[in-house]
There are 2 protein chains.
Amino acid sequence: MQRIPARVGDAVDDIDTPALVVDLDPFERNLDLMANAARSAGVALRPHAKAHKCPDIADLQIEGGAVGICCQKVGEAEAFVAAGIRDVLVTNEIVGAAKLARLAALAKDATIGVLVDDADNVRHLGAAARDAGTTLDVLVEIDVGMKRCGIAPGAAAVALAETVVRTPGLRFRGLHAYHGSAQHLRAPAERRDAIATVVRLARETKAAIEAAGVPCPVVTGAGTGTWQLERDSGVFTELQPGSYAFMDVDYHRNALAPDEHDFEQSLYVLASVMSAPVRERAIVDAGLKAFAFDSGPPQVWHAPGLDYVKASDEHGVLTVAAGRDPPLPGDRVWLIPGHCDPTVNLYDWIVGVRGSRVECVWPVAARGALA
Amino acid sequence: MQRIPARVGDAVDDIDTPALVVDLDPFERNLDLMANAARSAGVALRPHAKAHKCPDIADLQIEGGAVGICCQKVGEAEAFVAAGIRDVLVTNEIVGAAKLARLAALAKDATIGVLVDDADNVRHLGAAARDAGTTLDVLVEIDVGMKRCGIAPGAAAVALAETVVRTPGLRFRGLHAYHGSAQHLRAPAERRDAIATVVRLARETKAAIEAAGVPCPVVTGAGTGTWQLERDSGVFTELQPGSYAFMDVDYHRNALAPDEHDFEQSLYVLASVMSAPVRERAIVDAGLKAFAFDSGPPQVWHAPGLDYVKASDEHGVLTVAAGRDPPLPGDRVWLIPGHCDPTVNLYDWIVGVRGSRVECVWPVAARGALA
């Protein structure tokens, strides 16, 4: 467990660094925007908690009208159920007797959903639920173009849904149709085209399942890059965005159509300059262990002439433009993570700030819940 | 805290996934090789604990003859001192009153060294040590070509060493001359050239400090890519390699000269296939939160025809070559991390295995010690 970097009431200037900081005003506006946009369209919101891993944030999302949360791992679901969340959809295939037993046990305390794309896995899930004396909600994951998990849409998905229906201990709920890579297509037209295919495949598969006499009440999916498209599809009943609460460098690279809502950056890593050996260079205390770098380096926020150009394990190298006052050791720098989800996973605490004060310090309870 | 993924005595096949696993036979050979190679050359070994963050491993290194360990962060040093390590060099500049007070307090229980590259920081360090009633060992960091932290070699370094000598609470110990990026130069000649400059600058600066009447007993640095060069320099008194215990995909990219020792891969992430929706593709349960990706994706170990080609937060996509038996859900895959240090930092436990059995489960006590 990392040291707590601040206490409620501390000045922002006194937060120990590096620290993961949420600016509460834009954060709350992001939550409200999404909650209102889902509610007014009559579509359920089930935010993805893999982004924040934080029960305090899940509580805020549910208070704002979310029907529950999504998780990716059994360990995440355990952390959220232990914190009192009562409706969790694990948007993933879960494999192995020990993990299935843990998942099924969770359904004693909460509504637990899970995905399937394989008939053997359906049988194992059913056995685990019966052993635990619980019932698991099950959604068939269809591959709608991402080429990751998911059974083929159409007849194969219908057959798998029928297998779920026939399996005691399981309750078939519908379809999971998520296109993750479409979230990060840069042009609105690219995202629109990708999601048009998603929607068509989901609609056709739902119709085929219902034609086989199986009710298919839920079609769930969508992320921060495409959620308006799924929301307005007439097919999706539920949206799963996660990053919208925080945002990151990568999501800001998406160009937006005029009718697309934008979200504000609310998540930062607060770092300190620890060395400024020459005028052109400053070294901060946040490197490869303070950020995920899969989507590139962090960006320096509101400090023209400072660029984060290179990282090693515990160092970040900033270049200092000519004509700019060079930073000094001890100076603070606010950095926008390249990719929010795996960056949040590096921290045990989220420090919530409003203006110049620390208003809350939230545990990242599901940090590192890999299994 | 993550769930413990295994218990001592468990079968390797029963380790919960994803898990960070050390193969103890090659791991111990790596420790022995480095310990013997330093000892026989009469150079001290102070392994870098930023790689493993694990007091059990530090204990093994010290039992093998290491004089102590290196850390990069005060929080890491606190974790190791709390676990009983009695000699820690923080190979970094430490800035800010709160952190300096923590560092100085540690010197009540252990020999604590730290780097400086700035005269103001020397004054702050001295004040912190005096306030705590302790003495800190101080090394002047010189920039030997990495362009990160470090004062210029030569006259500036001499002046800073003299400032340390004049500062009550501090004890000047020598020079820190580390060239991190040289560790990863691929050709032996490139590494040799880079370290020739390092050695020349360290030698000249040490001579200049001693010419000013200041003893300079320690010259410390080196990493897993270049340690033999510093060892044989006649100038370096101490080596700081860390990755040699584990190795990773990136270090294996270095071409070795005939006289360079190689280390064996001992560190793996053990993952499970959770979905195999089509013949050509298998999805494992280890993605961007299970590996650091700054040095590229992990490599599949000893499974010809399987390639880890893509990751999302919790998924890894493997391609399956034509003609190979496709993996099935539940199958295990051993993956070599692209970069060991920031990958280890994602786990709370290291599972040590010998043959088919779990022999130990070590806490990664300094995991996430960012501050």
# chains A, B, ... in the order shown; residues from 1 in each chain; ligands from 1

$ closest_atom_pairs --of "region 83-102 of chain B" --to "region 139-147 of chain B" --cutoff "12 Å" --atoms "only C-alpha atoms" --output "Markdown table"
| residue | atom | partner | partner_atom | distance |
| --- | --- | --- | --- | --- |
| B:Leu89 | CA | B:Leu139 | CA | 9.3 |
| B:Val90 | CA | B:Leu139 | CA | 9.8 |
| B:Thr91 | CA | B:Glu141 | CA | 8.6 |
| B:Asn92 | CA | B:Glu141 | CA | 8.4 |
| B:Glu93 | CA | B:Glu141 | CA | 8.6 |

$ residues_around --residues "Pro18 (chain A)" --least-positions-apart "5" --cutoff "7 Å" --atoms "only C-alpha atoms" --output "VMD selection string"
(chain A and resid 269 to 271 285 to 286) or (chain B and resid 370 to 371)

$ write_last_selection --atoms "C-alpha atoms" --output "compact mmCIF listing (two decimals), in the first residue's frame"
# COMPACT_ATOMS: atom_id res chain seq x y z
CA VAL A 269 -0.54 13.13 -12.03
CA LEU A 270 0.92 15.84 -9.87
CA ALA A 271 4.72 15.64 -10.05
CA ASP A 285 9.71 12.43 -10.09
CA ALA A 286 7.18 10.58 -12.28
CA LEU B 370 6.33 6.23 -5.84
CA ALA B 371 7.00 8.99 -3.33

$ residues_around --residues "Val81 (chain B)" --least-positions-apart "6" --cutoff "9 Å" --atoms "only C-alpha atoms" --output "list in words"
Pro55, Asp87, Val88, Leu106, Asp109 and Ala110 of chain B

$ write_last_selection --atoms "all heavy atoms" --output "CSV table (one decimal), in the first residue's frame"
chain,number,residue,atom,x,y,z
B,55,PRO,N,12.1,-7.3,-0.3
B,55,PRO,CA,13.1,-7.5,0.7
B,55,PRO,C,13.6,-9.0,0.7
B,55,PRO,O,14.8,-9.2,1.1
B,55,PRO,CB,12.4,-7.2,2.0
B,55,PRO,CG,11.3,-6.2,1.6
B,55,PRO,CD,10.9,-6.7,0.3
B,87,ASP,N,21.6,-1.0,4.8
B,87,ASP,CA,22.5,-0.1,4.0
B,87,ASP,C,21.8,0.2,2.7
B,87,ASP,O,21.7,-0.7,1.9
B,87,ASP,CB,23.9,-0.8,3.8
B,87,ASP,CG,24.9,0.2,3.2
B,87,ASP,OD1,24.5,1.1,2.5
B,87,ASP,OD2,26.1,0.0,3.4
B,88,VAL,N,21.3,1.4,2.6
B,88,VAL,CA,20.5,1.7,1.4
B,88,VAL,C,21.0,3.0,0.8
B,88,VAL,O,21.2,4.0,1.5
B,88,VAL,CB,19.0,1.9,1.7
B,88,VAL,CG1,18.2,2.3,0.5
B,88,VAL,CG2,18.4,0.7,2.3
B,106,LEU,N,15.3,7.9,8.4
B,106,LEU,CA,15.7,6.5,8.1
B,106,LEU,C,17.1,6.2,8.6
B,106,LEU,O,17.5,5.1,8.9
B,106,LEU,CB,15.6,6.2,6.6
B,106,LEU,CG,14.3,5.8,6.1
B,106,LEU,CD1,14.4,5.5,4.6
B,106,LEU,CD2,13.7,4.6,6.8
B,109,ASP,N,18.2,4.1,11.6
B,109,ASP,CA,18.1,2.7,11.6
B,109,ASP,C,19.0,2.0,10.6
B,109,ASP,O,19.2,0.8,10.6
B,109,ASP,CB,16.7,2.2,11.3
B,109,ASP,CG,15.7,2.6,12.4
B,109,ASP,OD1,16.1,2.5,13.6
B,109,ASP,OD2,14.6,3.0,12.1
B,110,ALA,N,19.6,2.8,9.7
B,110,ALA,CA,20.4,2.2,8.6
B,110,ALA,C,21.4,3.2,8.1
B,110,ALA,O,21.2,4.4,8.3
B,110,ALA,CB,19.5,1.7,7.5

$ closest_atom_pairs --of "chain B" --to "chain A" --cutoff "6 Å" --atoms "only C-alpha atoms" --output "JSON lines"
{"residue": "B:Gln2", "atom": "CA", "partner": "A:Ala369", "partner_atom": "CA", "distance": 5.6}
{"residue": "B:Thr17", "atom": "CA", "partner": "A:Ala371", "partner_atom": "CA", "distance": 5.8}
{"residue": "B:Pro18", "atom": "CA", "partner": "A:Ala371", "partner_atom": "CA", "distance": 5.9}
{"residue": "B:Val95", "atom": "CA", "partner": "A:Met274", "partner_atom": "CA", "distance": 5.6}
{"residue": "B:Cys149", "atom": "CA", "partner": "A:Ser275", "partner_atom": "CA", "distance": 5.9}
{"residue": "B:Ile151", "atom": "CA", "partner": "A:Pro277", "partner_atom": "CA", "distance": 5.8}
{"residue": "B:Met274", "atom": "CA", "partner": "A:Val95", "partner_atom": "CA", "distance": 5.6}
{"residue": "B:Ser275", "atom": "CA", "partner": "A:Cys149", "partner_atom": "CA", "distance": 5.9}
{"residue": "B:Pro277", "atom": "CA", "partner": "A:Ile151", "partner_atom": "CA", "distance": 5.8}
{"residue": "B:Lys289", "atom": "CA", "partner": "A:Pro342", "partner_atom": "CA", "distance": 5.5}
{"residue": "B:Phe293", "atom": "CA", "partner": "A:Asp294", "partner_atom": "CA", "distance": 5.7}
{"residue": "B:Asp294", "atom": "CA", "partner": "A:Phe293", "partner_atom": "CA", "distance": 5.7}
{"residue": "B:Pro342", "atom": "CA", "partner": "A:Lys289", "partner_atom": "CA", "distance": 5.5}
{"residue": "B:Gly368", "atom": "CA", "partner": "A:Gln2", "partner_atom": "CA", "distance": 5.9}
{"residue": "B:Ala369", "atom": "CA", "partner": "A:Gln2", "partner_atom": "CA", "distance": 5.6}
{"residue": "B:Ala371", "atom": "CA", "partner": "A:Thr17", "partner_atom": "CA", "distance": 5.8}

$ select_by_dssp --residues "region 197-269 of chain A" --states "helix (DSSP H, G or I)" --output "PDB file with N, CA and C atoms, in the first residue's frame"
ATOM      1  N   THR A 197     -21.767  -0.955 -38.221  1.00  0.00           N
ATOM      2  CA  THR A 197     -21.638  -2.416 -38.330  1.00  0.00           C
ATOM      3  C   THR A 197     -21.977  -3.089 -37.003  1.00  0.00           C
ATOM      4  N   VAL A 198     -21.476  -2.540 -35.918  1.00  0.00           N
ATOM      5  CA  VAL A 198     -21.783  -3.082 -34.585  1.00  0.00           C
ATOM      6  C   VAL A 198     -23.296  -3.155 -34.386  1.00  0.00           C
ATOM      7  N   VAL A 199     -23.955  -2.067 -34.691  1.00  0.00           N
ATOM      8  CA  VAL A 199     -25.403  -1.978 -34.460  1.00  0.00           C
ATOM      9  C   VAL A 199     -26.148  -2.975 -35.354  1.00  0.00           C
ATOM     10  N   ARG A 200     -25.732  -3.061 -36.605  1.00  0.00           N
ATOM     11  CA  ARG A 200     -26.391  -4.007 -37.515  1.00  0.00           C
ATOM     12  C   ARG A 200     -26.241  -5.445 -37.003  1.00  0.00           C
ATOM     13  N   LEU A 201     -25.019  -5.808 -36.600  1.00  0.00           N
ATOM     14  CA  LEU A 201     -24.790  -7.178 -36.124  1.00  0.00           C
ATOM     15  C   LEU A 201     -25.550  -7.449 -34.833  1.00  0.00           C
ATOM     16  N   ALA A 202     -25.580  -6.475 -33.948  1.00  0.00           N
ATOM     17  CA  ALA A 202     -26.319  -6.660 -32.693  1.00  0.00           C
ATOM     18  C   ALA A 202     -27.814  -6.790 -32.969  1.00  0.00           C
ATOM     19  N   ARG A 203     -28.337  -5.945 -33.870  1.00  0.00           N
ATOM     20  CA  ARG A 203     -29.774  -5.985 -34.179  1.00  0.00           C
ATOM     21  C   ARG A 203     -30.152  -7.334 -34.801  1.00  0.00           C
ATOM     22  N   GLU A 204     -29.343  -7.770 -35.776  1.00  0.00           N
ATOM     23  CA  GLU A 204     -29.655  -9.024 -36.459  1.00  0.00           C
ATOM     24  C   GLU A 204     -29.576 -10.213 -35.499  1.00  0.00           C
ATOM     25  N   THR A 205     -28.564 -10.186 -34.632  1.00  0.00           N
ATOM     26  CA  THR A 205     -28.394 -11.323 -33.716  1.00  0.00           C
ATOM     27  C   THR A 205     -29.496 -11.348 -32.667  1.00  0.00           C
ATOM     28  N   LYS A 206     -29.839 -10.176 -32.162  1.00  0.00           N
ATOM     29  CA  LYS A 206     -30.959 -10.102 -31.203  1.00  0.00           C
ATOM     30  C   LYS A 206     -32.240 -10.623 -31.859  1.00  0.00           C
ATOM     31  N   ALA A 207     -32.485 -10.211 -33.080  1.00  0.00           N
ATOM     32  CA  ALA A 207     -33.699 -10.660 -33.780  1.00  0.00           C
ATOM     33  C   ALA A 207     -33.672 -12.171 -33.977  1.00  0.00           C
ATOM     34  N   ALA A 208     -32.509 -12.708 -34.299  1.00  0.00           N
ATOM     35  CA  ALA A 208     -32.412 -14.158 -34.519  1.00  0.00           C
ATOM     36  C   ALA A 208     -32.638 -14.918 -33.217  1.00  0.00           C
ATOM     37  N   ILE A 209     -32.123 -14.389 -32.115  1.00  0.00           N
ATOM     38  CA  ILE A 209     -32.334 -15.040 -30.810  1.00  0.00           C
ATOM     39  C   ILE A 209     -33.818 -15.013 -30.461  1.00  0.00           C
ATOM     40  N   GLU A 210     -34.446 -13.861 -30.675  1.00  0.00           N
ATOM     41  CA  GLU A 210     -35.870 -13.758 -30.338  1.00  0.00           C
ATOM     42  C   GLU A 210     -36.713 -14.614 -31.288  1.00  0.00           C
ATOM     43  N   ALA A 211     -36.266 -14.720 -32.535  1.00  0.00           N
ATOM     44  CA  ALA A 211     -36.982 -15.589 -33.483  1.00  0.00           C
ATOM     45  C   ALA A 211     -36.916 -17.046 -33.049  1.00  0.00           C
ATOM     46  N   TRP A 227     -20.165   6.382 -27.555  1.00  0.00           N
ATOM     47  CA  TRP A 227     -21.392   6.095 -26.811  1.00  0.00           C
ATOM     48  C   TRP A 227     -22.644   6.748 -27.394  1.00  0.00           C
ATOM     49  N   GLN A 228     -22.524   7.910 -28.046  1.00  0.00           N
ATOM     50  CA  GLN A 228     -23.731   8.537 -28.589  1.00  0.00           C
ATOM     51  C   GLN A 228     -24.307   7.713 -29.736  1.00  0.00           C
ATOM     52  N   LEU A 229     -23.410   7.027 -30.449  1.00  0.00           N
ATOM     53  CA  LEU A 229     -23.867   6.221 -31.581  1.00  0.00           C
ATOM     54  C   LEU A 229     -24.655   5.012 -31.095  1.00  0.00           C
ATOM     55  N   GLU A 230     -24.129   4.311 -30.101  1.00  0.00           N
ATOM     56  CA  GLU A 230     -24.878   3.178 -29.547  1.00  0.00           C
ATOM     57  C   GLU A 230     -26.159   3.673 -28.860  1.00  0.00           C
ATOM     58  N   ARG A 231     -26.055   4.777 -28.150  1.00  0.00           N
ATOM     59  CA  ARG A 231     -27.236   5.294 -27.440  1.00  0.00           C
ATOM     60  C   ARG A 231     -28.393   5.538 -28.401  1.00  0.00           C
ATOM     61  N   SER A 243     -13.872   5.903 -19.310  1.00  0.00           N
ATOM     62  CA  SER A 243     -12.877   6.977 -19.324  1.00  0.00           C
ATOM     63  C   SER A 243     -13.490   8.373 -19.263  1.00  0.00           C
ATOM     64  N   TYR A 244     -14.768   8.498 -19.637  1.00  0.00           N
ATOM     65  CA  TYR A 244     -15.399   9.832 -19.691  1.00  0.00           C
ATOM     66  C   TYR A 244     -15.252  10.594 -18.376  1.00  0.00           C
ATOM     67  N   ALA A 245     -15.163   9.881 -17.266  1.00  0.00           N
ATOM     68  CA  ALA A 245     -15.063  10.569 -15.972  1.00  0.00           C
ATOM     69  C   ALA A 245     -13.739  11.316 -15.834  1.00  0.00           C
ATOM     70  N   VAL A 249      -4.840  11.825 -22.649  1.00  0.00           N
ATOM     71  CA  VAL A 249      -4.244  12.374 -23.870  1.00  0.00           C
ATOM     72  C   VAL A 249      -4.810  11.647 -25.087  1.00  0.00           C
ATOM     73  N   ASP A 250      -4.920  10.339 -24.991  1.00  0.00           N
ATOM     74  CA  ASP A 250      -5.351   9.575 -26.150  1.00  0.00           C
ATOM     75  C   ASP A 250      -6.787   9.916 -26.548  1.00  0.00           C
ATOM     76  N   TYR A 251      -7.695   9.976 -25.604  1.00  0.00           N
ATOM     77  CA  TYR A 251      -9.080  10.293 -25.981  1.00  0.00           C
ATOM     78  C   TYR A 251      -9.204  11.706 -26.553  1.00  0.00           C
ATOM     79  N   HIS A 252      -8.369  12.615 -26.079  1.00  0.00           N
ATOM     80  CA  HIS A 252      -8.435  13.976 -26.629  1.00  0.00           C
ATOM     81  C   HIS A 252      -7.940  14.028 -28.074  1.00  0.00           C
TER      82      HIS A 252
END

$ closest_residue --among "A:Pro26, A:Pro47, A:Gly126, A:Gly64" --to "Arg171 (chain A)" --atoms "only C-alpha atoms"
A:Gly126

$ closest_residue --among "A:Pro304, A:Pro337, A:Gly323, A:Gly225" --to "Ser266 (chain A)" --atoms "only C-alpha atoms"
A:Pro337

$ decode --residues "region 261-302 of chain B" --atoms "N, CA and C atoms" --output "PDB file, in the first residue's frame"
ATOM      1  N   HIS B 261      29.275 -11.738 -19.938  1.00  0.00           N
ATOM      2  CA  HIS B 261      28.406 -12.732 -19.323  1.00  0.00           C
ATOM      3  C   HIS B 261      26.958 -12.504 -19.747  1.00  0.00           C
ATOM      4  N   ASP B 262      26.230 -13.584 -19.927  1.00  0.00           N
ATOM      5  CA  ASP B 262      24.802 -13.483 -20.193  1.00  0.00           C
ATOM      6  C   ASP B 262      24.053 -13.912 -18.930  1.00  0.00           C
ATOM      7  N   PHE B 263      22.884 -13.390 -18.788  1.00  0.00           N
ATOM      8  CA  PHE B 263      22.019 -13.820 -17.694  1.00  0.00           C
ATOM      9  C   PHE B 263      20.799 -14.521 -18.284  1.00  0.00           C
ATOM     10  N   GLU B 264      20.219 -15.390 -17.470  1.00  0.00           N
ATOM     11  CA  GLU B 264      19.102 -16.198 -17.952  1.00  0.00           C
ATOM     12  C   GLU B 264      17.770 -15.545 -17.594  1.00  0.00           C
ATOM     13  N   GLN B 265      16.784 -15.768 -18.436  1.00  0.00           N
ATOM     14  CA  GLN B 265      15.452 -15.292 -18.098  1.00  0.00           C
ATOM     15  C   GLN B 265      14.931 -16.060 -16.892  1.00  0.00           C
ATOM     16  N   SER B 266      14.522 -15.334 -15.857  1.00  0.00           N
ATOM     17  CA  SER B 266      13.953 -16.020 -14.689  1.00  0.00           C
ATOM     18  C   SER B 266      12.554 -15.514 -14.354  1.00  0.00           C
ATOM     19  N   LEU B 267      12.155 -14.391 -14.946  1.00  0.00           N
ATOM     20  CA  LEU B 267      10.884 -13.742 -14.595  1.00  0.00           C
ATOM     21  C   LEU B 267       9.839 -13.963 -15.691  1.00  0.00           C
ATOM     22  N   TYR B 268       8.658 -14.333 -15.265  1.00  0.00           N
ATOM     23  CA  TYR B 268       7.559 -14.566 -16.209  1.00  0.00           C
ATOM     24  C   TYR B 268       6.266 -14.005 -15.637  1.00  0.00           C
ATOM     25  N   VAL B 269       5.355 -13.688 -16.531  1.00  0.00           N
ATOM     26  CA  VAL B 269       3.959 -13.559 -16.131  1.00  0.00           C
ATOM     27  C   VAL B 269       3.255 -14.814 -16.634  1.00  0.00           C
ATOM     28  N   LEU B 270       2.667 -15.525 -15.694  1.00  0.00           N
ATOM     29  CA  LEU B 270       1.895 -16.712 -16.045  1.00  0.00           C
ATOM     30  C   LEU B 270       0.456 -16.266 -16.303  1.00  0.00           C
ATOM     31  N   ALA B 271      -0.014 -16.560 -17.512  1.00  0.00           N
ATOM     32  CA  ALA B 271      -1.352 -16.106 -17.925  1.00  0.00           C
ATOM     33  C   ALA B 271      -2.170 -17.311 -18.366  1.00  0.00           C
ATOM     34  N   SER B 272      -3.477 -17.104 -18.462  1.00  0.00           N
ATOM     35  CA  SER B 272      -4.379 -18.161 -18.933  1.00  0.00           C
ATOM     36  C   SER B 272      -5.140 -17.693 -20.155  1.00  0.00           C
ATOM     37  N   VAL B 273      -5.361 -18.620 -21.056  1.00  0.00           N
ATOM     38  CA  VAL B 273      -6.263 -18.358 -22.177  1.00  0.00           C
ATOM     39  C   VAL B 273      -7.680 -18.285 -21.624  1.00  0.00           C
ATOM     40  N   MET B 274      -8.387 -17.199 -21.948  1.00  0.00           N
ATOM     41  CA  MET B 274      -9.768 -17.093 -21.467  1.00  0.00           C
ATOM     42  C   MET B 274     -10.773 -17.155 -22.600  1.00  0.00           C
ATOM     43  N   SER B 275     -10.287 -17.066 -23.816  1.00  0.00           N
ATOM     44  CA  SER B 275     -11.197 -17.119 -24.968  1.00  0.00           C
ATOM     45  C   SER B 275     -10.374 -17.537 -26.174  1.00  0.00           C
ATOM     46  N   ALA B 276     -10.930 -18.397 -26.974  1.00  0.00           N
ATOM     47  CA  ALA B 276     -10.269 -18.819 -28.217  1.00  0.00           C
ATOM     48  C   ALA B 276     -11.363 -18.918 -29.272  1.00  0.00           C
ATOM     49  N   PRO B 277     -11.888 -17.761 -29.669  1.00  0.00           N
ATOM     50  CA  PRO B 277     -13.120 -17.768 -30.468  1.00  0.00           C
ATOM     51  C   PRO B 277     -12.925 -18.273 -31.893  1.00  0.00           C
ATOM     52  N   VAL B 278     -11.728 -18.122 -32.436  1.00  0.00           N
ATOM     53  CA  VAL B 278     -11.446 -18.649 -33.777  1.00  0.00           C
ATOM     54  C   VAL B 278     -10.090 -19.334 -33.723  1.00  0.00           C
ATOM     55  N   ARG B 279      -9.823 -20.161 -34.696  1.00  0.00           N
ATOM     56  CA  ARG B 279      -8.606 -20.983 -34.713  1.00  0.00           C
ATOM     57  C   ARG B 279      -7.332 -20.151 -34.663  1.00  0.00           C
ATOM     58  N   GLU B 280      -7.360 -18.975 -35.266  1.00  0.00           N
ATOM     59  CA  GLU B 280      -6.147 -18.170 -35.453  1.00  0.00           C
ATOM     60  C   GLU B 280      -5.849 -17.272 -34.265  1.00  0.00           C
ATOM     61  N   ARG B 281      -6.686 -17.296 -33.225  1.00  0.00           N
ATOM     62  CA  ARG B 281      -6.550 -16.270 -32.185  1.00  0.00           C
ATOM     63  C   ARG B 281      -6.887 -16.852 -30.819  1.00  0.00           C
ATOM     64  N   ALA B 282      -6.077 -16.498 -29.837  1.00  0.00           N
ATOM     65  CA  ALA B 282      -6.385 -16.842 -28.447  1.00  0.00           C
ATOM     66  C   ALA B 282      -6.196 -15.586 -27.605  1.00  0.00           C
ATOM     67  N   ILE B 283      -7.055 -15.432 -26.609  1.00  0.00           N
ATOM     68  CA  ILE B 283      -7.018 -14.231 -25.781  1.00  0.00           C
ATOM     69  C   ILE B 283      -6.608 -14.647 -24.374  1.00  0.00           C
ATOM     70  N   VAL B 284      -5.561 -14.000 -23.849  1.00  0.00           N
ATOM     71  CA  VAL B 284      -5.112 -14.302 -22.495  1.00  0.00           C
ATOM     72  C   VAL B 284      -5.537 -13.191 -21.530  1.00  0.00           C
ATOM     73  N   ASP B 285      -5.477 -13.527 -20.239  1.00  0.00           N
ATOM     74  CA  ASP B 285      -6.005 -12.655 -19.189  1.00  0.00           C
ATOM     75  C   ASP B 285      -4.988 -11.630 -18.696  1.00  0.00           C
ATOM     76  N   ALA B 286      -3.988 -11.304 -19.501  1.00  0.00           N
ATOM     77  CA  ALA B 286      -2.935 -10.376 -19.080  1.00  0.00           C
ATOM     78  C   ALA B 286      -2.693  -9.352 -20.183  1.00  0.00           C
ATOM     79  N   GLY B 287      -3.015  -8.084 -19.871  1.00  0.00           N
ATOM     80  CA  GLY B 287      -2.875  -7.018 -20.847  1.00  0.00           C
ATOM     81  C   GLY B 287      -2.102  -5.834 -20.290  1.00  0.00           C
ATOM     82  N   LEU B 288      -2.608  -4.629 -20.532  1.00  0.00           N
ATOM     83  CA  LEU B 288      -1.861  -3.408 -20.189  1.00  0.00           C
ATOM     84  C   LEU B 288      -1.701  -3.208 -18.685  1.00  0.00           C
ATOM     85  N   LYS B 289      -2.507  -3.889 -17.883  1.00  0.00           N
ATOM     86  CA  LYS B 289      -2.354  -3.765 -16.428  1.00  0.00           C
ATOM     87  C   LYS B 289      -1.501  -4.888 -15.853  1.00  0.00           C
ATOM     88  N   ALA B 290      -1.065  -5.804 -16.701  1.00  0.00           N
ATOM     89  CA  ALA B 290      -0.255  -6.940 -16.256  1.00  0.00           C
ATOM     90  C   ALA B 290       1.195  -6.839 -16.716  1.00  0.00           C
ATOM     91  N   PHE B 291       1.473  -5.900 -17.612  1.00  0.00           N
ATOM     92  CA  PHE B 291       2.831  -5.674 -18.141  1.00  0.00           C
ATOM     93  C   PHE B 291       3.026  -4.181 -18.355  1.00  0.00           C
ATOM     94  N   ALA B 292       4.266  -3.733 -18.203  1.00  0.00           N
ATOM     95  CA  ALA B 292       4.628  -2.422 -18.735  1.00  0.00           C
ATOM     96  C   ALA B 292       4.953  -2.607 -20.219  1.00  0.00           C
ATOM     97  N   PHE B 293       4.473  -1.681 -21.040  1.00  0.00           N
ATOM     98  CA  PHE B 293       4.631  -1.801 -22.494  1.00  0.00           C
ATOM     99  C   PHE B 293       5.611  -0.785 -23.066  1.00  0.00           C
ATOM    100  N   ASP B 294       6.356  -0.085 -22.217  1.00  0.00           N
ATOM    101  CA  ASP B 294       7.285   0.931 -22.740  1.00  0.00           C
ATOM    102  C   ASP B 294       8.363   0.327 -23.631  1.00  0.00           C
ATOM    103  N   SER B 295       8.716  -0.938 -23.419  1.00  0.00           N
ATOM    104  CA  SER B 295       9.727  -1.604 -24.251  1.00  0.00           C
ATOM    105  C   SER B 295       9.089  -2.645 -25.164  1.00  0.00           C
ATOM    106  N   GLY B 296       7.821  -2.490 -25.433  1.00  0.00           N
ATOM    107  CA  GLY B 296       7.132  -3.400 -26.335  1.00  0.00           C
ATOM    108  C   GLY B 296       6.407  -4.498 -25.586  1.00  0.00           C
ATOM    109  N   PRO B 297       5.717  -5.362 -26.337  1.00  0.00           N
ATOM    110  CA  PRO B 297       4.883  -6.394 -25.725  1.00  0.00           C
ATOM    111  C   PRO B 297       5.718  -7.523 -25.138  1.00  0.00           C
ATOM    112  N   PRO B 298       5.101  -8.356 -24.327  1.00  0.00           N
ATOM    113  CA  PRO B 298       5.790  -9.540 -23.835  1.00  0.00           C
ATOM    114  C   PRO B 298       6.005 -10.541 -24.967  1.00  0.00           C
ATOM    115  N   GLN B 299       6.888 -11.496 -24.704  1.00  0.00           N
ATOM    116  CA  GLN B 299       7.113 -12.596 -25.649  1.00  0.00           C
ATOM    117  C   GLN B 299       6.612 -13.897 -25.035  1.00  0.00           C
ATOM    118  N   VAL B 300       6.006 -14.714 -25.885  1.00  0.00           N
ATOM    119  CA  VAL B 300       5.545 -16.023 -25.426  1.00  0.00           C
ATOM    120  C   VAL B 300       6.763 -16.937 -25.314  1.00  0.00           C
ATOM    121  N   TRP B 301       6.880 -17.609 -24.191  1.00  0.00           N
ATOM    122  CA  TRP B 301       8.040 -18.452 -23.894  1.00  0.00           C
ATOM    123  C   TRP B 301       7.751 -19.895 -24.296  1.00  0.00           C
ATOM    124  N   HIS B 302       8.631 -20.470 -25.073  1.00  0.00           N
ATOM    125  CA  HIS B 302       8.587 -21.898 -25.391  1.00  0.00           C
ATOM    126  C   HIS B 302       7.234 -22.371 -25.902  1.00  0.00           C
TER     127      HIS B 302
END
